[in-house]
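Below is run.pdb, holding PDB, C-alpha atoms.
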ATOM      1  CA  MET R  25     -19.824 -16.893  -8.791
ATOM      2  CA  ILE R  26     -20.492 -14.607 -11.681
ATOM      3  CA  PRO R  27     -17.534 -13.707 -13.879
ATOM      4  CA  LEU R  28     -17.626  -9.951 -13.669
ATOM      5  CA  LEU R  29     -14.647  -9.089 -15.746
ATOM      6  CA  GLN R  30     -14.588  -9.362 -19.486
ATOM      7  CA  GLN R  31     -13.800  -6.169 -21.276
ATOM      8  CA  ILE R  32     -10.997  -4.596 -19.256
ATOM      9  CA  SER R  33      -7.539  -5.069 -20.675
ATOM     10  CA  LEU R  34      -4.415  -5.601 -18.645
ATOM     11  CA  GLU R  35      -3.133  -2.232 -19.809
ATOM     12  CA  HIS R  36      -5.758  -0.447 -17.727
ATOM     13  CA  TYR R  37      -4.504  -2.107 -14.586
ATOM     14  CA  VAL R  38      -0.870  -1.405 -15.470
ATOM     15  CA  VAL R  39      -1.611   2.293 -15.949
ATOM     16  CA  LEU R  40      -3.652   2.469 -12.754
ATOM     17  CA  ALA R  41      -0.893   0.791 -10.747
ATOM     18  CA  CYS R  42       1.717   3.142 -12.278
ATOM     19  CA  LEU R  43      -0.408   6.143 -11.319
ATOM     20  CA  LEU R  44      -0.897   4.952  -7.750
ATOM     21  CA  PHE R  45       2.799   4.164  -7.400
ATOM     22  CA  SER R  46       3.792   7.602  -8.714
ATOM     23  CA  VAL R  47       1.404   9.293  -6.310
ATOM     24  CA  GLY R  48       3.091   7.346  -3.524
ATOM     25  CA  VAL R  49       6.573   8.380  -4.686
ATOM     26  CA  THR R  50       5.497  12.012  -4.907
ATOM     27  CA  GLY R  51       4.039  11.809  -1.413
ATOM     28  CA  VAL R  52       7.250  10.405   0.033
ATOM     29  CA  LEU R  53       9.219  13.237  -1.554
ATOM     30  CA  ILE R  54       6.818  16.083  -0.850
ATOM     31  CA  ARG R  55       5.841  15.554   2.783
ATOM     32  CA  LYS R  56       7.962  15.996   5.873
ATOM     33  CA  ASN R  57       5.731  14.238   8.398
ATOM     34  CA  ALA R  58       7.208  10.769   8.892
ATOM     35  CA  ILE R  59       3.794   9.142   9.451
ATOM     36  CA  ILE R  60       2.497  10.397   6.115
ATOM     37  CA  ILE R  61       5.665   9.159   4.432
ATOM     38  CA  PHE R  62       4.901   5.751   5.919
ATOM     39  CA  MET R  63       1.381   5.883   4.551
ATOM     40  CA  CYS R  64       2.709   6.722   1.096
ATOM     41  CA  VAL R  65       4.961   3.659   1.285
ATOM     42  CA  GLU R  66       1.829   1.623   2.041
ATOM     43  CA  LEU R  67       0.219   3.183  -1.008
ATOM     44  CA  MET R  68       3.117   2.047  -3.193
ATOM     45  CA  LEU R  69       2.897  -1.480  -1.765
ATOM     46  CA  ASN R  70      -0.788  -1.523  -2.633
ATOM     47  CA  ALA R  71      -0.138  -0.428  -6.188
ATOM     48  CA  VAL R  72       2.205  -3.389  -6.557
ATOM     49  CA  ASN R  73      -0.374  -5.702  -4.970
ATOM     50  CA  LEU R  74      -3.014  -4.575  -7.442
ATOM     51  CA  LEU R  75      -0.664  -5.187 -10.363
ATOM     52  CA  LEU R  76       0.267  -8.643  -9.063
ATOM     53  CA  VAL R  77      -3.378  -9.653  -8.771
ATOM     54  CA  ALA R  78      -4.075  -8.326 -12.268
ATOM     55  CA  PHE R  79      -1.210 -10.362 -13.721
ATOM     56  CA  SER R  80      -2.327 -13.365 -11.707
ATOM     57  CA  ALA R  81      -5.757 -13.025 -13.273
ATOM     58  CA  HIS R  82      -4.214 -12.564 -16.707
ATOM     59  CA  HIS R  83      -2.073 -15.682 -16.461
ATOM     60  CA  HIS R  84      -4.816 -17.498 -14.575
ATOM     61  CA  SER R  85      -2.509 -18.839 -11.893
ATOM     62  CA  ALA R  86      -2.521 -18.560  -8.128
ATOM     63  CA  GLY R  87       1.164 -17.649  -7.826
ATOM     64  CA  GLY R  88       0.654 -13.896  -7.965
ATOM     65  CA  GLN R  89      -1.970 -14.017  -5.258
ATOM     66  CA  THR R  90       0.310 -15.863  -2.841
ATOM     67  CA  PHE R  91       2.918 -13.171  -3.452
ATOM     68  CA  VAL R  92       0.320 -10.550  -2.537
ATOM     69  CA  PHE R  93      -0.398 -12.512   0.633
ATOM     70  CA  PHE R  94       3.285 -12.465   1.612
ATOM     71  CA  ILE R  95       3.578  -8.764   0.766
ATOM     72  CA  MET R  96       0.694  -8.107   3.162
ATOM     73  CA  ILE R  97       2.486 -10.050   5.918
ATOM     74  CA  ILE R  98       5.688  -8.110   5.368
ATOM     75  CA  ALA R  99       3.801  -4.808   5.276
ATOM     76  CA  ALA R 100       2.189  -5.629   8.621
ATOM     77  CA  ALA R 101       5.559  -6.441  10.184
ATOM     78  CA  GLU R 102       7.126  -3.332   8.676
ATOM     79  CA  VAL R 103       4.367  -1.073   9.971
ATOM     80  CA  ALA R 104       4.573  -2.493  13.489
ATOM     81  CA  VAL R 105       8.335  -1.952  13.735
ATOM     82  CA  GLY R 106       8.266   1.361  11.888
ATOM     83  CA  LEU R 107       5.569   2.864  14.072
ATOM     84  CA  ALA R 108       7.435   1.697  17.193
ATOM     85  CA  ILE R 109      10.535   3.486  15.895
ATOM     86  CA  LEU R 110       8.437   6.586  15.205
ATOM     87  CA  VAL R 111       7.058   6.548  18.753
ATOM     88  CA  MET R 112      10.625   6.348  20.076
ATOM     89  CA  ILE R 113      11.704   9.217  17.831
ATOM     90  CA  TYR R 114       8.777  11.302  19.019
ATOM     91  CA  ARG R 115       9.628  10.536  22.623
ATOM     92  CA  ASN R 116      13.192  11.694  22.171
ATOM     93  CA  MET R 117      12.768  14.646  19.788
ATOM     94  CA  HIS R 118       9.116  15.683  20.398
ATOM     95  CA  SER R 119       8.530  15.828  16.666
ATOM     96  CA  VAL R 120       8.200  13.482  13.706
ATOM     97  CA  ASP R 121       9.518  16.021  11.220
ATOM     98  CA  ILE R 122      12.152  14.227   9.160
ATOM     99  CA  ASP R 123      14.091  17.474   8.594
ATOM    100  CA  LYS R 124      14.984  17.440  12.286
ATOM    101  CA  LEU R 125      16.531  13.998  12.048
ATOM    102  CA  GLN R 126      19.831  15.090  10.585
ATOM    103  CA  ASN R 127      22.407  13.870  13.062
ATOM    104  CA  LEU R 128      23.699  11.338  10.542
ATOM    105  CA  LYS R 129      23.530  13.734   7.623
ATOM    106  CA  TRP R 130      27.001  15.298   7.598
TER
ATOM    107  CA  MET F  25     -21.216  -3.020 -16.203
ATOM    108  CA  SER F  26     -17.784  -4.173 -15.035
ATOM    109  CA  GLU F  27     -16.178  -1.384 -17.034
ATOM    110  CA  ILE F  28     -18.189   1.216 -15.139
ATOM    111  CA  ALA F  29     -17.247  -0.437 -11.852
ATOM    112  CA  PHE F  30     -13.596  -0.436 -12.883
ATOM    113  CA  TYR F  31     -13.566   3.266 -13.741
ATOM    114  CA  VAL F  32     -15.497   4.289 -10.628
ATOM    115  CA  LEU F  33     -13.203   2.278  -8.354
ATOM    116  CA  SER F  34     -10.109   3.621 -10.123
ATOM    117  CA  ALA F  35     -11.331   7.183  -9.763
ATOM    118  CA  ILE F  36     -12.001   6.695  -6.039
ATOM    119  CA  ALA F  37      -8.605   5.062  -5.514
ATOM    120  CA  LEU F  38      -6.669   7.751  -7.370
ATOM    121  CA  LEU F  39      -8.555  10.665  -5.857
ATOM    122  CA  SER F  40      -8.155   9.384  -2.317
ATOM    123  CA  ALA F  41      -4.479   8.599  -2.974
ATOM    124  CA  VAL F  42      -3.899  12.201  -4.050
ATOM    125  CA  LEU F  43      -5.829  13.422  -1.014
ATOM    126  CA  VAL F  44      -3.617  11.278   1.264
ATOM    127  CA  VAL F  45      -0.632  13.239   0.027
ATOM    128  CA  PHE F  46      -2.215  16.674   0.130
ATOM    129  CA  ALA F  47      -4.535  16.478   3.151
ATOM    130  CA  LYS F  48      -3.756  19.008   5.849
ATOM    131  CA  SER F  49      -4.156  16.920   8.959
ATOM    132  CA  PRO F  50      -2.677  13.410   9.372
ATOM    133  CA  VAL F  51      -6.020  12.035  10.616
ATOM    134  CA  HIS F  52      -7.628  12.989   7.315
ATOM    135  CA  SER F  53      -4.744  11.339   5.474
ATOM    136  CA  VAL F  54      -5.343   8.101   7.367
ATOM    137  CA  LEU F  55      -9.061   8.169   6.568
ATOM    138  CA  TYR F  56      -8.446   8.840   2.873
ATOM    139  CA  LEU F  57      -5.965   5.970   2.816
ATOM    140  CA  VAL F  58      -8.655   3.680   4.274
ATOM    141  CA  LEU F  59     -10.949   4.779   1.448
ATOM    142  CA  CYS F  60      -8.202   4.037  -1.077
ATOM    143  CA  PHE F  61      -7.732   0.564   0.404
ATOM    144  CA  PHE F  62     -11.443  -0.127   0.147
ATOM    145  CA  ALA F  63     -11.356   0.857  -3.524
ATOM    146  CA  ILE F  64      -8.423  -1.488  -4.122
ATOM    147  CA  ALA F  65     -10.321  -4.268  -2.331
ATOM    148  CA  GLY F  66     -13.169  -3.538  -4.747
ATOM    149  CA  HIS F  67     -10.734  -4.085  -7.614
ATOM    150  CA  PHE F  68      -9.810  -7.440  -6.092
ATOM    151  CA  ILE F  69     -13.473  -8.416  -5.919
ATOM    152  CA  LEU F  70     -13.863  -7.339  -9.532
ATOM    153  CA  MET F  71     -11.133  -9.808 -10.474
ATOM    154  CA  ASN F  72     -12.791 -12.480  -8.297
ATOM    155  CA  ALA F  73      -9.887 -12.592  -5.832
ATOM    156  CA  GLU F  74     -12.282 -12.978  -2.902
ATOM    157  CA  PHE F  75      -9.796 -14.193  -0.331
ATOM    158  CA  LEU F  76      -7.382 -11.359  -0.981
ATOM    159  CA  ALA F  77     -10.194  -8.793  -0.906
ATOM    160  CA  ILE F  78     -11.309  -9.959   2.536
ATOM    161  CA  VAL F  79      -7.755 -10.197   3.868
ATOM    162  CA  HIS F  80      -6.985  -6.791   2.415
ATOM    163  CA  ILE F  81      -9.899  -5.204   4.254
ATOM    164  CA  ILE F  82      -9.178  -7.031   7.517
ATOM    165  CA  VAL F  83      -5.410  -6.534   7.542
ATOM    166  CA  TYR F  84      -4.992  -3.150   5.888
ATOM    167  CA  ALA F  85      -8.165  -1.227   6.634
ATOM    168  CA  GLY F  86      -8.780  -3.062   9.894
ATOM    169  CA  ALA F  87      -5.395  -3.535  11.513
ATOM    170  CA  ILE F  88      -2.717  -1.417   9.876
ATOM    171  CA  MET F  89      -4.747   1.748   9.491
ATOM    172  CA  VAL F  90      -6.095   1.480  13.030
ATOM    173  CA  LEU F  91      -2.481   1.240  14.167
ATOM    174  CA  PHE F  92      -1.691   4.384  12.181
ATOM    175  CA  LEU F  93      -4.705   6.178  13.603
ATOM    176  CA  PHE F  94      -3.727   5.086  17.084
ATOM    177  CA  VAL F  95      -0.191   6.448  16.709
ATOM    178  CA  VAL F  96      -1.434   9.706  15.182
ATOM    179  CA  MET F  97      -3.816  10.211  18.091
ATOM    180  CA  MET F  98      -1.296   9.083  20.712
ATOM    181  CA  LEU F  99       1.370  11.465  19.440
ATOM    182  CA  ASN F 100      -1.280  14.188  19.192
ATOM    183  CA  LEU F 101      -0.458  15.035  15.606
ATOM    184  CA  ASN F 102      -3.992  15.806  14.520
ATOM    185  CA  LYS F 103      -3.099  19.356  13.717
ATOM    186  CA  ASP F 104      -0.802  20.135  10.843
ATOM    187  CA  SER F 105       2.453  20.609  12.709
ATOM    188  CA  ASP F 106       5.066  20.457   9.999
ATOM    189  CA  GLN F 107       6.224  23.589   8.282
ATOM    190  CA  PRO F 108       5.664  23.331   4.546
ATOM    191  CA  LYS F 109       8.563  22.492   2.312
ATOM    192  CA  SER F 110      10.124  25.157   0.127
ATOM    193  CA  ASN F 111       8.585  25.644  -3.304
ATOM    194  CA  PHE F 112      11.785  24.401  -4.878
ATOM    195  CA  GLY F 113      11.522  21.139  -2.954
ATOM    196  CA  LYS F 114       7.857  20.738  -3.891
ATOM    197  CA  LEU F 115       8.609  21.357  -7.561
ATOM    198  CA  GLY F 116      11.415  18.819  -7.462
ATOM    199  CA  ALA F 117       9.193  16.245  -5.776
ATOM    200  CA  VAL F 118       6.364  16.645  -8.287
ATOM    201  CA  LEU F 119       8.822  16.573 -11.188
ATOM    202  CA  THR F 120      10.409  13.397  -9.862
ATOM    203  CA  GLY F 121       7.010  11.772  -9.451
ATOM    204  CA  GLY F 122       6.016  12.769 -12.979
ATOM    205  CA  ILE F 123       9.231  11.438 -14.474
ATOM    206  CA  MET F 124       8.717   8.219 -12.510
ATOM    207  CA  LEU F 125       5.229   7.884 -14.008
ATOM    208  CA  LEU F 126       6.597   8.602 -17.490
ATOM    209  CA  VAL F 127       9.336   5.975 -17.208
ATOM    210  CA  LEU F 128       6.974   3.357 -15.759
ATOM    211  CA  THR F 129       4.318   3.798 -18.435
ATOM    212  CA  ALA F 130       6.908   3.936 -21.196
ATOM    213  CA  ALA F 131       8.456   0.707 -19.942
ATOM    214  CA  SER F 132       5.053  -0.970 -19.796
ATOM    215  CA  LYS F 133       4.244   0.238 -23.316
ATOM    216  CA  SER F 134       7.185  -1.721 -24.701
ATOM    217  CA  ALA F 135       5.718  -4.859 -23.115
ATOM    218  CA  ASP F 136       2.676  -4.477 -25.393
ATOM    219  CA  THR F 137      -0.118  -5.464 -23.051
ATOM    220  CA  SER F 138      -2.830  -3.670 -24.992
ATOM    221  CA  MET F 139      -4.312  -6.873 -26.373
ATOM    222  CA  ALA F 140      -3.977  -8.872 -23.171
ATOM    223  CA  GLN F 141      -7.215  -9.422 -21.321
ATOM    224  CA  VAL F 142      -7.709  -9.835 -17.610
ATOM    225  CA  GLN F 143      -9.941 -12.841 -17.173
ATOM    226  CA  SER F 144     -11.836 -13.432 -14.006
ATOM    227  CA  LEU F 145      -9.890 -15.582 -11.570
ATOM    228  CA  GLY F 146     -12.889 -17.807 -10.988
ATOM    229  CA  GLU F 147     -12.079 -20.690  -8.693
ATOM    230  CA  LEU F 148      -8.473 -19.577  -8.270
ATOM    231  CA  GLY F 149      -9.365 -16.699  -5.999
ATOM    232  CA  THR F 150     -11.221 -18.710  -3.411
ATOM    233  CA  VAL F 151      -9.969 -19.549   0.062
ATOM    234  CA  GLN F 152      -9.819 -23.199  -0.888
ATOM    235  CA  SER F 153      -7.444 -22.918  -3.835
ATOM    236  CA  LEU F 154      -5.223 -20.309  -2.177
ATOM    237  CA  GLY F 155      -5.079 -22.360   1.010
ATOM    238  CA  LYS F 156      -3.992 -25.361  -1.009
ATOM    239  CA  ALA F 157      -1.270 -23.320  -2.701
ATOM    240  CA  LEU F 158      -0.085 -21.879   0.607
ATOM    241  CA  PHE F 159       0.122 -25.217   2.372
ATOM    242  CA  THR F 160       1.737 -27.195  -0.433
ATOM    243  CA  THR F 161       3.881 -25.161  -2.818
ATOM    244  CA  TYR F 162       4.513 -22.211  -0.528
ATOM    245  CA  LEU F 163       4.653 -24.031   2.813
ATOM    246  CA  LEU F 164       8.184 -22.962   3.758
ATOM    247  CA  PRO F 165       7.677 -19.220   3.110
ATOM    248  CA  PHE F 166       4.352 -19.426   4.926
ATOM    249  CA  GLU F 167       5.978 -20.880   8.036
ATOM    250  CA  LEU F 168       8.906 -18.461   7.803
ATOM    251  CA  SER F 169       6.491 -15.548   7.699
ATOM    252  CA  SER F 170       5.219 -16.580  11.124
ATOM    253  CA  VAL F 171       8.792 -16.278  12.396
ATOM    254  CA  LEU F 172       8.973 -12.848  10.767
ATOM    255  CA  LEU F 173       5.764 -11.744  12.473
ATOM    256  CA  PHE F 174       7.037 -12.999  15.814
ATOM    257  CA  ALA F 175      10.285 -11.084  15.334
ATOM    258  CA  ALA F 176       8.281  -7.973  14.449
ATOM    259  CA  ILE F 177       6.160  -8.294  17.603
ATOM    260  CA  ALA F 178       9.209  -8.764  19.796
ATOM    261  CA  GLY F 179      11.073  -5.929  18.079
ATOM    262  CA  SER F 180       8.251  -3.438  18.364
ATOM    263  CA  VAL F 181       7.696  -4.269  22.042
ATOM    264  CA  MET F 182      11.404  -3.783  22.697
ATOM    265  CA  LEU F 183      11.437  -0.495  20.792
ATOM    266  CA  ALA F 184       8.319   1.011  22.288
ATOM    267  CA  LYS F 185       9.114   0.113  25.896
ATOM    268  CA  LYS F 186       9.828   3.153  28.054
ATOM    269  CA  ASP F 187      13.067   2.101  29.712
ATOM    270  CA  ILE F 188      15.241  -0.633  28.232
ATOM    271  CA  ASP F 189      18.101  -1.672  30.456
TER
END

Encoded form using structure tokens:
Amino acid sequence: MIPLLQQISLEHYVVLACLLFSVGVTGVLIRKNAIIIFMCVELMLNAVNLLLVAFSAHHHSAGGQTFVFFIMIIAAAEVAVGLAILVMIYRNMHSVDIDKLQNLKW
Amino acid sequence: MSEIAFYVLSAIALLSAVLVVFAKSPVHSVLYLVLCFFAIAGHFILMNAEFLAIVHIIVYAGAIMVLFLFVVMMLNLNKDSDQPKSNFGKLGAVLTGGIMLLVLTAASKSADTSMAQVQSLGELGTVQSLGKALFTTYLLPFELSSVLLFAAIAGSVMLAKKDID
């Protein structure tokens, strides 16, 4: 194995993860299609994963990587259940527009 | 060399992330998200986290995004069906995202990470060392996650079934 990484500071990864996370937050707020909102949540999870691996590399310990592994497991479970709920919503309302799901709003 | 790789991968990840949000059709969003995941897997390889890079590609790009694509195609959403939000809502969303970015970067500035270097993970990123960690220190969470996955399978089958009675 060749050590590829020498010159990049931790700050670069922190800024990159912040940017990705903010893009995800903006996407959740700006879109009305529930599937795209789900994808933006995945984007935020990935920003956190990237940051955890960067800190794991910085501290040179395997703990951060196992956390990333568990986050992946939870993301898989969340996506399976969430998409099943979305399919049910589509079956009942014939749309995945979150503005139409307002029965609990008032 | 690694700096160039870092900046190229970051640019791909950020650009495709923005395109996920602003793409017209949901199918394009899914494909851009796959591209973003590949770029993040490239970052993992750059840090020598081989196991996570492979798992990331298999689980995210392989399984989760195919599930998304499947649902998008099954629900026939490949045209842009949602009416756009009002300009006021869009402005608020972008402002909130920008303020979020500002707060996050400001908070990380106070941590003073500018001098900290990211070393290569070396042996720590291999399947062997992570497997050892998972089956010794993190054995209980590892086994519990199998219960979680089983519950997720059962729950999604229950939810997606046509008639539950």

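Residues matched by the PyMOL selection byres ((chain R and resi 63) around 10) in this structure: Gly48, Gly51, Val52, Ala58, Ile59, Ile60, Ile61, Phe62, Cys64, Val65, Glu66, Leu67, Met68, Leu69 and Val103 of chain R; Ala41, Val44, Val45, Pro50, Ser53, Val54, Leu57, Ile88, Met89 and Phe92 of chain F.
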
* For R:Gly88, which residue out of F:Leu115, F:Leu76, F:Ser169, F:Leu99 is the nearest one, using all atoms listed in the file? ->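 That would be F:Leu76, the residue with the smallest distance to R:Gly88.
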
* Between F:Leu126, F:Val51, F:Val171, F:Leu119, which has the minimum distance to F:Met98 (counting all atoms listed in the file)? ->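 Using all atoms listed in the file, F:Met98 sits closest to F:Val51.
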
* For chain F against chain R, which residues fall within 7 Å using all atoms listed in the file, given as an MDAnalysis selection string? -> chainID F and resid 26:27 38 41:42 45 50 70:71 88 106 114 117:118 121 124:125 128:129 137:146 148 154 158 173 176 179:180 183:184

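Relative to atom CA of F:His80, atom CA of F:Ser34 is found at 16.6 Å.
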
* Suppose you want the space between atom CA of F:Val151 and atom CA of F:Phe75; what is it in Å? ->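 Pair atom CA of F:Val151 / atom CA of F:Phe75 returns 5.4 Å.
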
* Just say which residues the PyMOL selection byres ((chain F and resi 63) around 9) picks in this file, as a PyMOL selection string. => chain F and resi 32-37+58-62+64-68

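Our summary of the geometry notes that atom CA of F:Ala178 is positioned 26.8 Å from atom CA of F:Ile78.
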